Amino acid sequence: MGVMLVTLAGALVIGRAPHAQSGPARLAFPTGQSLRAADLTVDGMIRHRDLQRRRTDVDPMLPRRTHERLTQYHRGIPVYGGDVTRQSESGSTISMFGAVYEHIDIDTTAAISVDQAATIIAQDSGVELGPLNLPALTIVAVDGRYRLLYRAKVFTLAGGTEYVVDATTGAIVDRLDAVQRQAAVGRGTGVLNDTKKMSTTETGGVFTASDPLRPPSLQTFDMKGNLQRTIDFLNNRIQLSAADRAVDTDGVWTDQATVDAHVYAGYTYDYYYKRFGRRGLDNNNLRLLSVVHPAVRADYASQSADTRSSYYRNAGYYGSGVMLYGEGLPPGQTFNGQSWNYLAGALDVVGHELTHGVTDYTSHLIYSGESGALNESFSDMMGTAIEFFYQPVGDGPLRADYLVGEDVVTPGGIRSMANPLATGDPDHYSLRSTSAADNGGVHTNSGIGNQWYYLAIEGGINRTSGLSVTGVGRANREQIERVAYRAFTLLMPSNATYAVARAVTIQAARDLYGINSNAERAVTQAWTAVGVN
Amino acid sequence: MRGLLAFVLIASAAIPVAAQAQSRPRRPLLPQPQQPLRPLPPLSLRAPVEPKFRLSLNGGAQISSNTSTEDGSLTINQEDAPIHNVIDLSRGGVGEVGLTYRLGKRAWAGASAALVPRKLAGELTATIPHPFYFGQGRAVAGTITGLTNLEAGFHGNVGITVPFSQRTELALFGGPSVFLVTQDLISDLNYDSTYPFDTATLAGAATAKATGIGLGFNAGVDLSRWMTPKLALGVLARFSRGAVTLAGNTGASARVETGGITVAGGLRVRF
């Protein structure tokens with residue numbers, strides 16, 4: 001039996017497997033008739049427990065509305081990519097986005113056990129999985145048929161990998177980059193000697209980077225360059241102890257990476273709270289655990305290329321509220337002509353990583369292909385929004401701009417939202433990467449969404465299409481921030497494509513600012529300008 | 001003090017004279033026991049002494065437009081927290097004691113001490129720095145009650161007495177004043193604030209006493225009605241003015257205006 005993907009956006013559309021993300025990508029705005037039909041389908045699936053509510057949220061922007069997130073299951077096993085969001089008000093469905101699979105006829109009895117799958121992964125990766133990281137069964141539509149697979153994340157010296165193991169044969173089907181992080185692209189040099197306030201805890205004259213004032217547990221850990229211990233922690237093989245906490249003896253913190261990781265995590269929490277009323281990554285004050293100094297800077301030259309990329313020239317969100325910030329390069333050394341300082345030193349980088357956590361607990365955009373590019377792009381958008389929230393507009397260190405990571409990767413940062421082409425990223429859908437590398441070019445194709453965000457706010461002309469956009473203007477940038485936030489946290493399904501993103505953001509703009517509002521016009525024009533129709 | 005001693009000496013010498021004047025010979029009903037004759041005291045050759053001292057005891061009120069203005073800065077959340085506390089000192093009860101010495105027929109000199117104890121409220125405004133961000137202080141304002149202010153005025157006077165009648169006289173006087181003030185200054189702030197800490201509410205303040213001294217002047221009138229040769233009821237009206245600067249232990253300082261219009265009444269005793 002072939003795979004039938006039913007995409008819900010008011011109209012039932014039969015499509016192809018989710019990895020072929022060029023399937024029924026464009027979603028028409030819901031019409032009354034088609035939305036009712038989709039609603040009935042979803043209700044029927046809920047009754048049969050083929051769709052299960054992952055969570056229901058009260059709309060923080062429109063209090064009378066609620067948002068359901070529904071995950072597809074087949075005989076109790078989650079169906080990868082089967083995901084629906086439904087917006088309701090007073091029992092009436094307002095909008096619905098997402099996709100579910102039909103006619104799943106697979107035997108859900110795994111031929112190999114969880115332990116066997118863990119052994120297979122351990123043999124391949126050289127890492128024994130911790131008890132919280134054991135493989136989990138999932139049904140995936142692959143190559144036009146359904147397969148029962150195990151998935152598990154492993155972290156090694158080379159970085160993070162998500163293993164996909166066939167639950168019937170034990171074959172390793174795929175290895176995906178498991179870390180949602182800043183891509184190691186950029187240029188520059190610079191040291192930021194700004195003074196910040198640290199919310200810390202004092203015990204017996206020792207100050208600990210543990211924030212007692214903000215609602216969540218917000219702590220920063222100093223791995224002191226112990227790379228193996230860092231990896232063991234990421235694999236849940238060890239728990240960090242009090243000895244791993246970043247400490248200071250006089251309350252005047254001098255470790256720059258610790259200061260910025262700790263302070264910027266707090267700033268990001270504050271931004272989400274003040275702008276959107278959100279309480280942390282899961283909206284329930286999930287802990288924020290920042291890890292700095294995962295490796296020794298001076299050892300950079302002797303490390304493998306993967307280790308350099310993962311633990312020196314990168315930052316990553318590792319799930320469950322854990323962020324890790326790379327050590328940067330030793331002074332005087334460059335990579336691709338850019339200097340790399342401590343990755344925690346850039347507010348937009350920290351905001352970017354924490355936004356991955358928000359995405360994880362909301363739309364859970366699948367980290368590959370177009371949904372992965374959107375995942376990256378929304379992180380760039382929020383990271384930049386946070387910069388503009390706290391820093392004065394301008395060029396140079398500690399200034400808000402549309403470069404990503406420019407405060408620590410100098411010159412130029414790692415991506416440009418105003419001109420993605422400048423950093424080798426597409427600014428138009430027609431230029432998107434189709435390479436399988438980087439999980440399908442998630443850090444490259446994010447340029448399309450980034451350019452959309454820039455144009456929707458600032459306006460201007462897309463360099464590739466030549467189309468002009470009238471943005472909402474800097475003074476109204478909050479409108480596009482709210483549209484983007486609403487889109488990726490409430491309305492967007494995990495399998496969203498750029499076409500879905502267009503539909504969802506337009507819906508969000510209408511929800512918030514009304515039909516034919518300036519925000520809707522800017523959103524629509526910007527998508528058209530970047531070639532997403 | 002020397003004058004007071006002289007008064008005591010003179011008074012003790014005068015008493016036997018008066019007693020002698022009252023012991024005239026009389027005819028006893030019964031035979032009296034023979035009493036030894038007492039020697040007569042020496043006769044005073046001085047004219048009757050007009051008392052030179054006058055003691056005043058007054059109670060009343062002090063009215064003014066005085067304020068205490070405290071400006072300072074505490075350190076909160078790694079930043080300066082400016083505070084500004086204004087106490088209205090316009091009213092207060094006064095207790096006063098004064099002593100004058102007659103220099104001539106009408107001229108005199110004297111000194112008095114006036115105490116004005118107060119328990120007042122201060123209108124406090126402050127900016128409390130944000131715990132997370134520099135330069136994002138939260139403005140707070142509130143009334144701090146129970147602040148004590150003790151103003152002691154020491155007034156030196158010269159004056160003249162103008163008799164209106166045999167029993168009523170008016171005294172005009174003026175001179176320098178010294179003010180000693182002990183007052184509560186703000187030493188810390190208590191405030192309520194919850195996440196995201198963008199606003200705060202003043203809940204109270206801790207205080208510490210500070211003492212200072214300052215100079216001023218005074219002038220006034222005193223109207224007395226003598227009920228007996230030595231005892232009168234009187235009314236006093238005095239204007240005084242001065243200022244004291246108090247230094248707190250947290251770097252705060254307060255400028256306290258002192259004095260005002262005192263209206264008081266009480267006893268006058270001549271001796």
# chains A, B, ... in the order shown; residues from 1 in each chain; ligands from 1

$ select_by_dssp --residues "range 38-246 of chain B" --states "strand (DSSP E)" --output "ChimeraX atom specification"
/B:53-63,67-76,79-88,91-102,107-128,138-163,168-192,201-226,231-246

$ residues_around --residues "range 121-128 of chain B" --least-positions-apart "6" --cutoff "7 Å" --atoms "only C-alpha atoms" --output "list in words"
Ile76, Ala81, Pro82, Ile83, His84, Asn85, Val86, Ile87, Gly137, Arg138, Ala139, Val140, Ala141, Gly142, Thr143, Ile144, Thr145, Gly146 and Leu147 of chain B

$ closest_residue --among "A:Leu132, A:Met381, A:Ile172, A:Ala529" --to "Tyr453 in chain A" --atoms "only C-alpha atoms"
A:Met381

$ residues_around --residues "Asn283 in chain A" --least-positions-apart "5" --cutoff "9 Å" --atoms "only C-alpha atoms" --output "ChimeraX atom specification"
/A:277-278,358,361

$ atom_distance --atom1 "CA of Val100 in chain A" --atom2 "CA of Gly319 in chain A"
25.1 Å

$ interface_residues --of "chain B" --to "chain A" --cutoff "9 Å" --atoms "only C-alpha atoms" --output "NGL selection string"
:B and (77-78 or 131-134 or 194-196)

$ residues_around --residues "range 199-209 of chain B" --least-positions-apart "4" --cutoff "7 Å" --atoms "only C-alpha atoms" --output "PyMOL selection string"
chain B and resi 138+140-142+144+182-193

$ residues_around --residues "Leu234 in chain A" --least-positions-apart "3" --cutoff "8 Å" --atoms "only C-alpha atoms" --output "list in words"
Phe155, Thr230, Ile231, Arg237 and Tyr318 of chain A

$ residues_around --residues "Asp166 in chain A" --least-positions-apart "2" --cutoff "12 Å" --atoms "only C-alpha atoms" --output "PDB file with C-alpha atoms, in the first residue's frame"
ATOM      1  CA  ALA A 110       9.302  -4.768  16.472  1.00  0.00           C
ATOM      2  CA  ALA A 111      11.519  -7.690  15.578  1.00  0.00           C
ATOM      3  CA  ILE A 112      14.410  -6.285  17.564  1.00  0.00           C
ATOM      4  CA  SER A 113      14.174  -5.011  21.102  1.00  0.00           C
ATOM      5  CA  VAL A 114      15.059  -1.603  22.463  1.00  0.00           C
ATOM      6  CA  GLN A 116      19.246  -4.579  20.757  1.00  0.00           C
ATOM      7  CA  ALA A 117      18.717  -1.290  18.971  1.00  0.00           C
ATOM      8  CA  ALA A 118      20.762   0.504  21.621  1.00  0.00           C
ATOM      9  CA  ILE A 120      23.516  -1.447  17.377  1.00  0.00           C
ATOM     10  CA  ILE A 121      23.793   2.302  17.877  1.00  0.00           C
ATOM     11  CA  PRO A 135      15.830   4.317  21.236  1.00  0.00           C
ATOM     12  CA  ALA A 136      12.126   4.881  20.772  1.00  0.00           C
ATOM     13  CA  LEU A 137       9.861   3.315  18.180  1.00  0.00           C
ATOM     14  CA  THR A 138       8.283   5.422  15.493  1.00  0.00           C
ATOM     15  CA  ILE A 139       6.519   4.869  12.213  1.00  0.00           C
ATOM     16  CA  VAL A 140       8.089   6.703   9.313  1.00  0.00           C
ATOM     17  CA  VAL A 142      10.125   6.315   3.734  1.00  0.00           C
ATOM     18  CA  TYR A 146       5.764   2.836   6.019  1.00  0.00           C
ATOM     19  CA  ARG A 147       8.571   1.509   8.152  1.00  0.00           C
ATOM     20  CA  LEU A 148       8.865   0.787  11.840  1.00  0.00           C
ATOM     21  CA  LEU A 149      12.043   2.427  13.064  1.00  0.00           C
ATOM     22  CA  TYR A 150      13.934   3.232  16.222  1.00  0.00           C
ATOM     23  CA  ARG A 151      15.276   6.736  16.743  1.00  0.00           C
ATOM     24  CA  ALA A 152      17.880   7.820  19.315  1.00  0.00           C
ATOM     25  CA  TYR A 163      20.300   7.425  14.625  1.00  0.00           C
ATOM     26  CA  VAL A 164      17.439   5.818  12.760  1.00  0.00           C
ATOM     27  CA  THR A 168      12.609  -5.135  11.729  1.00  0.00           C
ATOM     28  CA  THR A 169      16.076  -5.705  10.329  1.00  0.00           C
ATOM     29  CA  GLY A 170      18.315  -3.760  12.702  1.00  0.00           C
ATOM     30  CA  ALA A 171      19.859  -1.866   9.817  1.00  0.00           C
ATOM     31  CA  ILE A 172      20.898   1.722  10.389  1.00  0.00           C
ATOM     32  CA  VAL A 173      18.614   3.648   8.081  1.00  0.00           C
ATOM     33  CA  ASP A 174      19.878   7.177   8.645  1.00  0.00           C
TER      34      ASP A 174
END

$ closest_residue --among "A:Ala436, A:Val469, A:Ile506, A:Leu490" --to "Arg69 in chain A" --atoms "only C-alpha atoms"
A:Leu490

$ residues_around --residues "Val259 in chain A" --least-positions-apart "2" --cutoff "9 Å" --atoms "only C-alpha atoms" --output "list in words"
Lys196, Lys197, Met198, Ala209, Thr220, Trp253, Thr254, Asp255, Gln256, Ala257, Ala261, His262, Val263, Tyr264, Ala344 and Gly345 of chain A

$ write_last_selection --atoms "C-alpha atoms" --output "compact mmCIF listing (two decimals), in the first residue's frame"
# COMPACT_ATOMS: atom_id res chain seq x y z
CA LYS A 196 26.26 43.20 32.72
CA LYS A 197 24.34 42.31 35.78
CA MET A 198 24.50 38.68 36.84
CA ALA A 209 25.78 31.12 38.35
CA THR A 220 25.33 28.00 33.92
CA TRP A 253 32.51 37.73 37.45
CA THR A 254 35.40 37.79 35.07
CA ASP A 255 34.77 34.72 32.97
CA GLN A 256 33.27 36.24 29.87
CA ALA A 257 31.72 33.09 28.47
CA ALA A 261 25.77 32.61 28.58
CA HIS A 262 24.13 33.21 31.93
CA VAL A 263 22.98 36.77 31.33
CA TYR A 264 21.79 36.27 27.77
CA ALA A 344 28.00 32.72 24.23
CA GLY A 345 29.11 36.30 23.66

$ closest_residue --among "B:Thr148, B:Gly135, B:Trp108, B:Leu223" --to "Phe164 in chain B" --atoms "only C-alpha atoms"
B:Leu223

$ closest_residue --among "A:Arg482, A:Leu35, A:Leu129, A:Asp244" --to "Phe97 in chain A" --atoms "only C-alpha atoms"
A:Leu35
